[in-house]
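This is start.txt (compact mmCIF, C-alpha atoms).
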```txt
# COMPACT_ATOMS: atom_id res chain seq x y z
CA MET F 112 18.54 -6.58 -31.53
CA PRO F 113 17.89 -7.86 -27.96
CA ASP F 114 14.79 -6.76 -26.09
CA MET F 115 15.24 -3.88 -23.65
CA PRO F 116 15.18 -5.03 -19.98
CA TYR F 117 11.72 -4.71 -18.43
CA CYS F 118 11.14 -2.58 -15.31
CA GLU F 119 8.22 -3.29 -13.01
CA ILE F 120 6.98 -2.49 -9.51
CA ARG F 121 5.86 -5.53 -7.56
CA MET F 122 4.30 -5.73 -4.10
CA ILE F 123 6.27 -8.35 -2.17
CA ARG F 124 5.68 -9.63 1.36
CA THR F 125 8.60 -9.03 3.71
CA ALA F 126 9.92 -11.28 6.48
CA SER F 127 7.75 -9.30 8.92
CA ASN F 128 4.70 -10.28 6.82
CA ARG F 129 4.10 -6.76 5.51
CA LEU F 130 3.74 -5.77 1.89
CA ARG F 131 6.07 -3.23 0.35
CA PRO F 132 6.86 -2.21 -3.23
CA TYR F 133 10.02 -3.36 -4.98
CA LEU F 134 11.56 -2.23 -8.26
CA LEU F 135 12.56 -5.17 -10.45
CA VAL F 136 14.43 -5.23 -13.76
CA ASP F 137 13.78 -8.42 -15.71
CA GLY F 138 12.42 -9.96 -12.52
CA VAL F 139 15.50 -9.13 -10.43
CA PRO F 140 15.23 -6.60 -7.54
CA VAL F 141 17.32 -3.44 -7.99
CA ILE F 142 19.38 -3.11 -4.81
CA LEU F 143 19.99 0.66 -4.59
CA ALA F 144 16.45 1.72 -5.52
CA ASN F 145 14.93 -0.73 -3.06
CA LEU F 146 17.26 0.37 -0.26
CA TRP F 147 16.06 3.93 -0.93
CA ALA F 148 12.41 2.80 -0.88
CA GLU F 149 12.98 0.99 2.42
CA ASP F 150 14.47 4.15 3.92
CA LEU F 151 11.59 6.24 2.55
CA LEU F 152 9.01 3.95 4.19
CA HIS F 153 10.16 5.17 7.61
CA LYS F 154 8.92 8.71 6.87
CA SER F 155 6.29 8.37 4.11
CA ARG F 156 3.07 6.48 3.44
CA LEU F 157 3.16 3.21 1.55
CA ASN F 158 1.25 4.59 -1.45
CA THR F 159 3.66 7.58 -1.63
CA VAL F 160 6.67 5.26 -1.69
CA GLU F 161 5.01 3.11 -4.35
CA ASN F 162 4.36 6.16 -6.57
CA TYR F 163 7.90 7.48 -6.06
CA LEU F 164 9.32 4.07 -6.95
CA ARG F 165 7.29 4.10 -10.18
CA ASP F 166 8.81 7.49 -10.97
CA ILE F 167 12.31 6.10 -10.40
CA ALA F 168 11.45 3.15 -12.67
CA ILE F 169 10.96 5.72 -15.47
CA ALA F 170 14.51 6.97 -14.88
CA TYR F 171 15.82 3.40 -14.90
CA GLU F 172 14.00 2.69 -18.17
CA TRP F 173 15.49 5.88 -19.60
CA GLY F 174 18.99 4.70 -18.73
CA LEU F 175 18.39 1.20 -20.09
CA SER F 176 17.01 2.60 -23.35
CA ARG F 177 20.31 4.44 -23.81
CA ASP F 178 22.31 1.32 -22.91
CA SER F 179 23.59 3.20 -19.87
CA SER F 180 23.28 2.26 -16.21
CA LEU F 181 21.76 5.01 -14.06
CA GLU F 182 23.35 3.52 -10.94
CA ARG F 183 26.78 3.40 -12.56
CA LYS F 184 26.70 7.15 -13.29
CA LEU F 185 25.54 7.89 -9.74
CA GLU F 186 28.21 5.61 -8.28
CA ARG F 187 30.91 7.56 -10.17
CA PHE F 188 29.37 10.91 -9.10
CA ALA F 189 29.43 11.80 -12.79
CA VAL F 190 28.11 15.05 -14.25
CA PHE F 191 25.30 14.35 -16.71
CA SER F 192 25.63 16.05 -20.08
CA SER F 193 23.09 18.68 -21.10
CA THR F 194 21.78 16.27 -23.76
CA GLU F 195 21.32 13.52 -21.18
CA LEU F 196 19.48 15.79 -18.75
CA THR F 197 17.20 17.11 -21.51
CA SER F 198 16.38 13.56 -22.55
CA LEU F 199 15.73 12.47 -18.93
CA ALA F 200 13.56 15.53 -18.27
CA GLU F 201 11.48 14.80 -21.38
CA ARG F 202 10.96 11.22 -20.25
CA LEU F 203 9.97 12.27 -16.72
CA CYS F 204 7.52 14.82 -18.12
CA SER F 205 5.77 12.34 -20.42
CA THR F 206 2.95 9.83 -19.95
CA LYS F 207 3.22 6.18 -21.01
CA ARG F 208 1.54 7.12 -24.29
CA GLY F 209 4.01 9.89 -24.97
CA ALA F 210 1.74 12.82 -24.16
CA GLY F 211 2.81 15.61 -21.82
CA ALA F 212 2.33 14.81 -18.14
CA SER F 213 0.55 17.32 -15.90
CA GLN F 214 2.55 19.95 -14.04
CA ALA F 215 1.79 18.24 -10.73
CA THR F 216 3.11 14.92 -12.07
CA CYS F 217 6.28 16.57 -13.38
CA LYS F 218 6.86 18.21 -10.00
CA ARG F 219 6.31 14.93 -8.12
CA ARG F 220 8.68 13.05 -10.40
CA PHE F 221 11.42 15.62 -9.82
CA GLU F 222 10.93 15.32 -6.06
CA ALA F 223 11.23 11.53 -6.41
CA ILE F 224 14.41 11.67 -8.48
CA LYS F 225 15.92 14.31 -6.16
CA SER F 226 15.23 12.14 -3.11
CA TYR F 227 16.72 9.13 -4.87
CA ILE F 228 19.87 10.99 -6.01
CA ASP F 229 20.38 12.46 -2.53
CA PHE F 230 20.12 8.97 -1.02
CA SER F 231 22.47 7.54 -3.66
CA PHE F 232 25.03 10.26 -2.92
CA GLU F 233 25.07 9.44 0.81
CA HIS F 234 25.19 5.72 0.06
CA TYR F 235 28.15 5.88 -2.31
CA VAL F 236 30.06 8.45 -0.26
CA GLU F 237 29.97 6.05 2.68
CA LEU F 238 30.62 2.98 0.54
CA ASN F 239 33.60 4.48 -1.30
CA ARG F 240 35.05 6.21 1.78
CA LEU F 241 35.74 9.44 -0.09
CA SER F 242 38.17 12.00 1.23
CA LEU F 243 36.87 15.43 2.24
CA LEU F 244 38.02 16.98 -1.04
CA GLU F 245 36.44 14.15 -3.05
CA GLN F 246 33.18 14.58 -1.14
CA ILE F 247 33.14 18.31 -1.87
CA GLN F 248 33.62 17.69 -5.59
CA ALA F 249 31.05 14.88 -5.61
CA GLU F 250 28.48 17.13 -3.93
CA LYS F 251 29.15 19.87 -6.47
CA ASN F 252 28.49 17.38 -9.27
CA LYS F 253 25.29 16.17 -7.61
CA ASN F 254 23.95 19.68 -7.08
CA LYS F 255 24.84 20.63 -10.64
CA ASN F 256 22.91 17.64 -11.98
CA LEU F 257 19.85 18.43 -9.85
CA GLN F 258 19.84 22.17 -10.61
CA HIS F 259 20.05 21.64 -14.36
CA LEU F 260 17.50 18.81 -14.31
CA LYS F 261 15.07 20.96 -12.30
CA LYS F 262 15.37 23.85 -14.75
CA LYS F 263 14.71 21.56 -17.71
CA ILE F 264 11.72 19.90 -16.02
CA ILE F 265 10.22 23.29 -15.07
CA LYS F 266 10.63 24.50 -18.66
CA ILE F 267 8.90 21.39 -20.07
CA ALA F 268 6.19 21.36 -17.38
CA GLN F 269 5.27 24.99 -18.12
CA GLN F 270 4.17 23.85 -21.57
CA SER F 271 1.75 21.35 -20.01
CA GLU F 272 -1.76 22.09 -18.85
CA PRO F 273 -1.86 22.95 -15.12
CA SER F 274 -3.57 20.40 -12.92
CA LEU F 275 -7.25 21.24 -12.63
CA PRO F 276 -8.65 21.47 -9.10
CA ALA F 277 -11.57 19.27 -8.15
CA THR F 278 -14.66 20.99 -9.56
CA PRO F 279 -17.74 20.65 -7.37
CA LEU F 280 -21.25 20.36 -8.78
CA ASP F 281 -23.58 23.22 -7.96
CA SER F 282 -27.06 22.49 -6.58
CA SER F 283 -28.74 22.47 -10.00
CA GLU F 284 -26.09 20.11 -11.41
CA GLN F 285 -26.47 17.81 -8.42
CA ALA F 286 -30.21 17.69 -9.02
CA LEU F 287 -29.70 16.91 -12.72
CA VAL F 288 -27.26 14.07 -12.01
CA MET F 289 -29.57 12.58 -9.38
CA ASP F 290 -32.45 12.85 -11.83
CA ILE F 291 -30.45 11.08 -14.57
CA LEU F 292 -29.38 8.30 -12.20
CA SER F 293 -32.81 7.83 -10.60
CA PRO F 294 -33.96 4.23 -11.22
CA GLY F 295 -36.72 4.11 -13.82
CA ASN F 296 -35.98 7.54 -15.28
CA SER F 297 -36.30 7.54 -19.07
CA LYS F 298 -33.02 9.51 -19.31
CA ASN F 299 -31.11 6.88 -17.32
CA PRO F 300 -28.47 5.45 -19.73
CA PHE F 301 -28.12 2.16 -17.85
CA LYS F 302 -30.43 -0.66 -18.89
CA SER F 303 -31.18 -3.02 -15.99
CA THR F 304 -33.09 -1.97 -12.88
CA GLN F 305 -30.44 -3.45 -10.58
CA THR F 306 -27.61 -1.57 -12.30
CA GLN F 307 -29.59 1.66 -12.08
CA ALA F 308 -30.21 1.06 -8.35
CA ARG F 309 -26.52 0.29 -7.74
CA ASN F 310 -25.30 3.40 -9.57
CA TYR F 311 -27.82 5.62 -7.77
CA CYS F 312 -26.64 4.30 -4.39
CA LEU F 313 -23.00 4.62 -5.42
CA PHE F 314 -23.45 8.29 -6.33
CA LEU F 315 -25.25 9.09 -3.06
CA VAL F 316 -22.73 7.19 -0.93
CA MET F 317 -19.75 8.97 -2.53
CA LEU F 318 -21.49 12.33 -2.18
CA GLU F 319 -22.51 11.87 1.45
CA THR F 320 -19.47 10.03 2.84
CA LEU F 321 -16.81 11.76 0.69
CA ALA F 322 -15.49 8.29 -0.15
CA ARG F 323 -12.64 8.04 -2.63
CA ARG F 324 -13.39 5.72 -5.53
CA GLY F 325 -10.89 3.19 -4.09
CA GLU F 326 -12.70 3.38 -0.74
CA ALA F 327 -16.17 3.04 -2.25
CA VAL F 328 -15.37 -0.22 -4.04
CA LEU F 329 -13.90 -1.71 -0.84
CA ILE F 330 -17.09 -1.20 1.19
CA GLU F 331 -18.45 -4.59 2.30
CA LEU F 332 -22.03 -5.49 3.14
CA ASP F 333 -21.16 -5.77 6.83
CA ASP F 334 -19.69 -2.26 6.74
CA VAL F 335 -23.21 -0.87 6.32
CA GLU F 336 -25.35 -0.36 9.43
CA LEU F 337 -28.94 0.64 8.64
CA GLY F 338 -30.41 0.74 12.17
CA ARG F 339 -31.59 3.75 14.16
CA THR F 340 -28.24 5.51 13.71
CA PRO F 341 -27.14 4.40 10.21
CA THR F 342 -23.42 4.44 9.38
CA ILE F 343 -20.95 3.21 6.78
CA ARG F 344 -17.53 1.97 7.84
CA ILE F 345 -14.69 2.96 5.50
CA LYS F 346 -11.66 0.82 6.24
CA ARG F 347 -7.97 0.99 5.58
CA PRO F 348 -7.24 -1.51 2.80
CA SER F 349 -5.83 -4.79 4.04
CA ASP F 350 -2.73 -6.45 2.60
CA VAL F 351 -5.07 -8.80 0.72
CA ASN F 352 -6.80 -5.79 -0.85
CA ARG F 353 -3.45 -4.32 -1.85
CA GLU F 354 -2.40 -7.57 -3.51
CA ARG F 355 -5.62 -7.67 -5.51
CA ARG F 356 -5.76 -4.04 -6.63
CA ASN F 357 -5.31 -4.18 -10.37
CA ASP F 358 -7.82 -1.49 -11.24
CA GLY F 359 -5.98 1.70 -10.40
CA ALA F 360 -7.80 2.35 -7.13
CA SER F 361 -6.28 4.90 -4.81
CA LEU F 362 -5.50 3.14 -1.56
CA LYS F 363 -4.65 6.09 0.68
CA THR F 364 -7.22 6.38 3.42
CA ARG F 365 -7.79 6.90 7.09
CA GLY F 366 -10.26 4.38 8.45
CA ARG F 367 -13.45 5.91 9.79
CA ILE F 368 -17.12 5.27 10.57
CA VAL F 369 -19.29 7.84 8.80
CA PRO F 370 -22.88 8.63 9.84
CA ILE F 371 -25.34 8.71 6.93
CA SER F 372 -28.79 10.24 6.52
CA ALA F 373 -31.99 8.28 6.98
CA SER F 374 -32.86 8.91 3.32
CA LEU F 375 -29.59 7.33 2.11
CA ALA F 376 -30.11 4.42 4.52
CA ALA F 377 -33.55 3.82 2.99
CA VAL F 378 -32.16 3.83 -0.57
CA LEU F 379 -29.35 1.46 0.44
CA GLY F 380 -31.79 -0.84 2.19
CA ASP F 381 -33.92 -1.10 -0.95
CA TYR F 382 -30.84 -1.78 -3.13
CA ILE F 383 -29.53 -4.48 -0.78
CA SER F 384 -32.93 -6.16 -0.36
CA ASN F 385 -34.21 -6.03 -3.93
CA ASN F 386 -31.38 -5.48 -6.42
CA ARG F 387 -27.90 -6.41 -5.24
CA ALA F 388 -28.50 -10.19 -5.26
CA LYS F 389 -29.56 -10.02 -8.92
CA LEU F 390 -26.10 -8.72 -9.85
CA LEU F 391 -24.39 -11.78 -8.35
CA LYS F 392 -23.45 -14.83 -10.42
CA PRO F 393 -24.23 -18.44 -9.44
CA LYS F 394 -21.53 -20.14 -7.36
CA ARG F 395 -19.54 -16.89 -7.20
CA PRO F 396 -19.91 -15.38 -3.71
CA CYS F 397 -19.15 -11.68 -3.28
CA THR F 398 -19.20 -9.66 -0.06
CA ALA F 399 -18.83 -6.23 -1.69
CA LEU F 400 -21.63 -3.69 -1.38
CA PHE F 401 -21.24 -2.59 -4.99
CA VAL F 402 -21.20 -5.51 -7.42
CA SER F 403 -20.22 -5.55 -11.09
CA SER F 404 -23.06 -6.34 -13.49
CA ARG F 405 -20.52 -7.92 -15.85
CA ASP F 406 -19.03 -10.68 -13.71
CA GLY F 407 -20.74 -10.49 -10.32
CA ARG F 408 -17.52 -9.56 -8.57
CA ARG F 409 -16.53 -6.39 -6.74
CA LEU F 410 -17.04 -3.23 -8.81
CA SER F 411 -13.70 -1.81 -9.99
CA ALA F 412 -12.54 1.75 -9.41
CA ARG F 413 -12.18 2.29 -13.14
CA THR F 414 -15.84 1.37 -13.64
CA ILE F 415 -16.79 4.29 -11.38
CA ASN F 416 -15.02 6.62 -13.78
CA THR F 417 -16.85 5.01 -16.69
CA ILE F 418 -20.24 5.47 -14.97
CA LEU F 419 -19.54 9.14 -14.27
CA ARG F 420 -18.27 9.71 -17.81
CA ILE F 421 -21.50 8.28 -19.25
CA VAL F 422 -23.57 10.48 -16.94
CA ALA F 423 -21.50 13.52 -17.98
CA GLY F 424 -22.34 12.71 -21.60
CA ILE F 425 -26.06 12.78 -20.83
CA LEU F 426 -25.64 15.95 -18.77
CA SER F 427 -23.90 17.68 -21.68
CA LEU F 428 -26.94 17.04 -23.88
CA ILE F 429 -29.18 18.62 -21.27
CA LYS F 430 -27.17 21.52 -19.90
CA SER F 431 -23.38 21.73 -20.13
CA SER F 432 -20.21 19.79 -20.79
CA LYS F 433 -18.99 19.96 -17.19
CA ARG F 434 -16.70 17.11 -16.27
CA ILE F 435 -17.95 14.75 -13.56
CA HIS F 436 -15.31 12.72 -11.76
CA PRO F 437 -14.67 11.14 -8.31
CA HIS F 438 -12.57 14.06 -7.03
CA GLY F 439 -15.38 16.40 -8.05
CA LEU F 440 -17.87 14.35 -6.03
CA ARG F 441 -15.58 14.50 -2.98
CA SER F 442 -15.34 18.25 -3.39
CA THR F 443 -19.12 18.53 -3.82
CA GLY F 444 -19.70 16.46 -0.68
CA ALA F 445 -17.12 18.46 1.29
CA ASN F 446 -18.83 21.75 0.36
CA ILE F 447 -22.25 20.38 1.30
CA ALA F 448 -20.91 19.08 4.64
CA ARG F 449 -19.10 22.35 5.46
CA LYS F 450 -22.24 24.41 4.85
CA LYS F 451 -24.32 22.07 7.04
CA LEU F 452 -21.77 22.20 9.87
CA GLU F 453 -21.40 25.99 9.72
CA ASN F 454 -25.15 26.58 9.51
CA SER F 455 -25.79 24.29 12.48
CA ARG F 456 -23.69 26.69 14.63
CA VAL F 457 -22.92 23.86 17.06
CA PRO F 458 -20.01 25.12 19.20
CA SER F 459 -18.99 21.66 20.45
CA ILE F 460 -17.51 20.54 17.13
CA ASN F 461 -14.62 21.98 15.17
CA VAL F 462 -15.61 22.25 11.50
CA ASN F 463 -12.10 21.61 10.19
CA ASP F 464 -11.60 18.53 12.40
CA ALA F 465 -15.04 17.18 11.49
CA LEU F 466 -14.39 17.56 7.76
CA ALA F 467 -10.92 16.02 8.10
CA TYR F 468 -12.45 12.97 9.78
CA LEU F 469 -15.25 12.74 7.24
CA GLY F 470 -12.93 12.91 4.24
CA GLY F 471 -10.16 10.76 5.70
CA TRP F 472 -7.67 13.65 5.57
CA SER F 473 -4.93 14.76 7.91
CA PRO F 474 -6.26 17.53 10.21
CA ASN F 475 -3.01 19.44 9.66
CA GLY F 476 -3.04 19.23 5.86
CA GLN F 477 -4.53 21.50 3.20
CA SER F 478 -7.05 19.02 1.78
CA VAL F 479 -10.01 20.25 3.85
CA GLN F 480 -9.60 23.82 2.59
CA SER F 481 -8.83 22.66 -0.95
CA TYR F 482 -11.89 20.44 -1.32
CA SER F 483 -14.35 22.77 0.42
CA ARG F 484 -13.08 26.07 -0.98
CA GLN F 485 -16.39 26.80 -2.74
CA ALA F 486 -18.23 26.65 0.61
CA ILE F 487 -15.53 28.86 2.14
CA SER F 488 -15.97 31.35 -0.71
CA ASP F 489 -19.77 31.30 -0.33
CA ARG F 490 -19.51 31.83 3.44
CA LEU F 491 -17.03 34.67 2.98
CA GLY F 492 -19.44 36.32 0.56
CA GLU F 493 -22.28 35.99 3.09
CA LEU F 494 -20.17 37.54 5.88
CA LEU F 495 -19.08 40.45 3.67
CA ARG F 496 -22.66 41.13 2.61
CA GLU F 497 -23.85 40.97 6.23
CA SER F 498 -21.08 43.42 7.16
CA GLU F 499 -22.15 45.82 4.41
CA ILE F 500 -25.78 45.62 5.56
CA ARG F 501 -24.81 46.36 9.17
CA LYS F 502 -22.61 49.24 8.04
CA SER F 503 -25.43 50.65 5.92
CA ARG F 504 -27.88 50.42 8.81
CA GLY F 505 -25.39 52.16 11.09
CA ASN F 506 -25.01 55.06 8.65
CA ASN F 507 -28.78 55.37 8.35
CA ASP F 508 -29.11 55.50 12.14
CA ASP F 509 -26.66 58.41 12.19
```
As structure tokens - that is how I would like this structure written.
Amino acid sequence: MPDMPYCEIRMIRTASNRLRPYLLVDGVPVILANLWAEDLLHKSRLNTVENYLRDIAIAYEWGLSRDSSLERKLERFAVFSSTELTSLAERLCSTKRGAGASQATCKRRFEAIKSYIDFSFEHYVELNRLSLLEQIQAEKNKNKNLQHLKKKIIKIAQQSEPSLPATPLDSSEQALVMDILSPGNSKNPFKSTQTQARNYCLFLVMLETLARRGEAVLIELDDVELGRTPTIRIKRPSDVNRERRNDGASLKTRGRIVPISASLAAVLGDYISNNRAKLLKPKRPCTALFVSSRDGRRLSARTINTILRIVAGILSLIKSSKRIHPHGLRSTGANIARKKLENSRVPSINVNDALAYLGGWSPNGQSVQSYSRQAISDRLGELLRESEIRKSRGNNDD
């Protein structure tokens, strides 16, 4: 039995010297899917297009596994059978290991396949020069496919666990994690002094700058300014960075220069002066701020997850089994920053805009509210209690 054709997403440099993702089957670019991706790049971010193309690759693999061409069915404007749609929905709602994908992933994959089918419809209508009656029937078939596929995906997704929001650490949990990671602490699970110093700095940088894990590992030494007004520059990843990202780092970011506290600057200064060089390997230069203790190269994004998972294990022995993860640190930092900004009562700065800049979010999106919702809840509680106190005092005066 011959091997099934292999689908992959590859970043390829275009004639304009820009990188973009391509879907390949057995090393050959797939024309229709890549035309769709090219069109999508005009209205979506590069990382969004890359993720959508990976979702479409799942649909292609599904078709190839059934010895059936997905493009051929779309070209004929065929109606998929109920069995086919159930099978496709199950594949789209599964992980690589066969487990159920999260509800958010299932929803995103449907949006990807819907966008792709809509594009394919327009493409083949124009290519085949259909009559008006043929177009009407073709559109009915397309809508029927999408409606039935959506119902099946929703039904499967409802059986999956809902996506958990980023869970911030409360003040006592923050103190415990900082205590565990403090260099020289007997509870610190990491052996060498330089690794302990690196991890402690990494935690504080992610907490204070709201850096994504993919942003944290891309920080260079010359991005850190430790003078009178210390800052850390968080950059958009370059094309070179994109070509080298094999560790699952998220590369969506808005470049920014983030002010840091004097206390964090002091900790970073000590790490850079006394510990970072000991992590490097002979004849292997590295410009990254955070260096791997294993090979002296740039720390990988996956290693950050490993560090936090080990810390969570220690924390569970002390207090609770609360999950600690990069999104949780961003949420923790966002809540801390919101409370500081609101308590400062400085009228010259808009809290939402400041947080959007700090976190690298769109000012018009929902991320600021989503990540700092605990601080919003706390502030709402304070305002309601203050209102009750004023009301009570007013009644007493009467």
Pairwise distance for atom CA of F:Ile368 and atom CA of F:Asn461, rounded to one decimal in Å
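Value for the atom CA of F:Ile368-atom CA of F:Asn461 distance: 17.5 Å.
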Quote the spacing between atom CA of F:Lys207 and atom CA of F:Glu172 in Å to one decimal place.
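Here the two named atoms are 11.7 Å from each other.
Taking atom CA of F:Arg240 and atom CA of F:Ala189 as the two end points, the separation is 16.6 Å.
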Rank nothing, just name the residue among F:Lys218, F:Arg344, F:Arg456, F:Lys154 nearest to F:Cys204, using all atoms listed in the file.
F:Lys218
Around (15.0, 19.5, -12.9), as given in the file, which residues come within 10 Å? Count only C-alpha atoms and list them as a ChimeraX atom specification.
/F:196-197,199-200,203,217-218,220-222,224-225,256-267
Using only C-alpha atoms, the best pick from F:Ser411, F:Asn239, F:Gln269, F:Asn145 as closest to F:Ile123 would be F:Asn145
Using all atoms listed in the file, pick whichever of F:Glu319, F:Asp334, F:Asp150, F:Glu119 has the shortest atom-to-atom distance to F:Val136.
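Ranking F:Glu319, F:Asp334, F:Asp150, F:Glu119 by distance to F:Val136, first place goes to F:Glu119.
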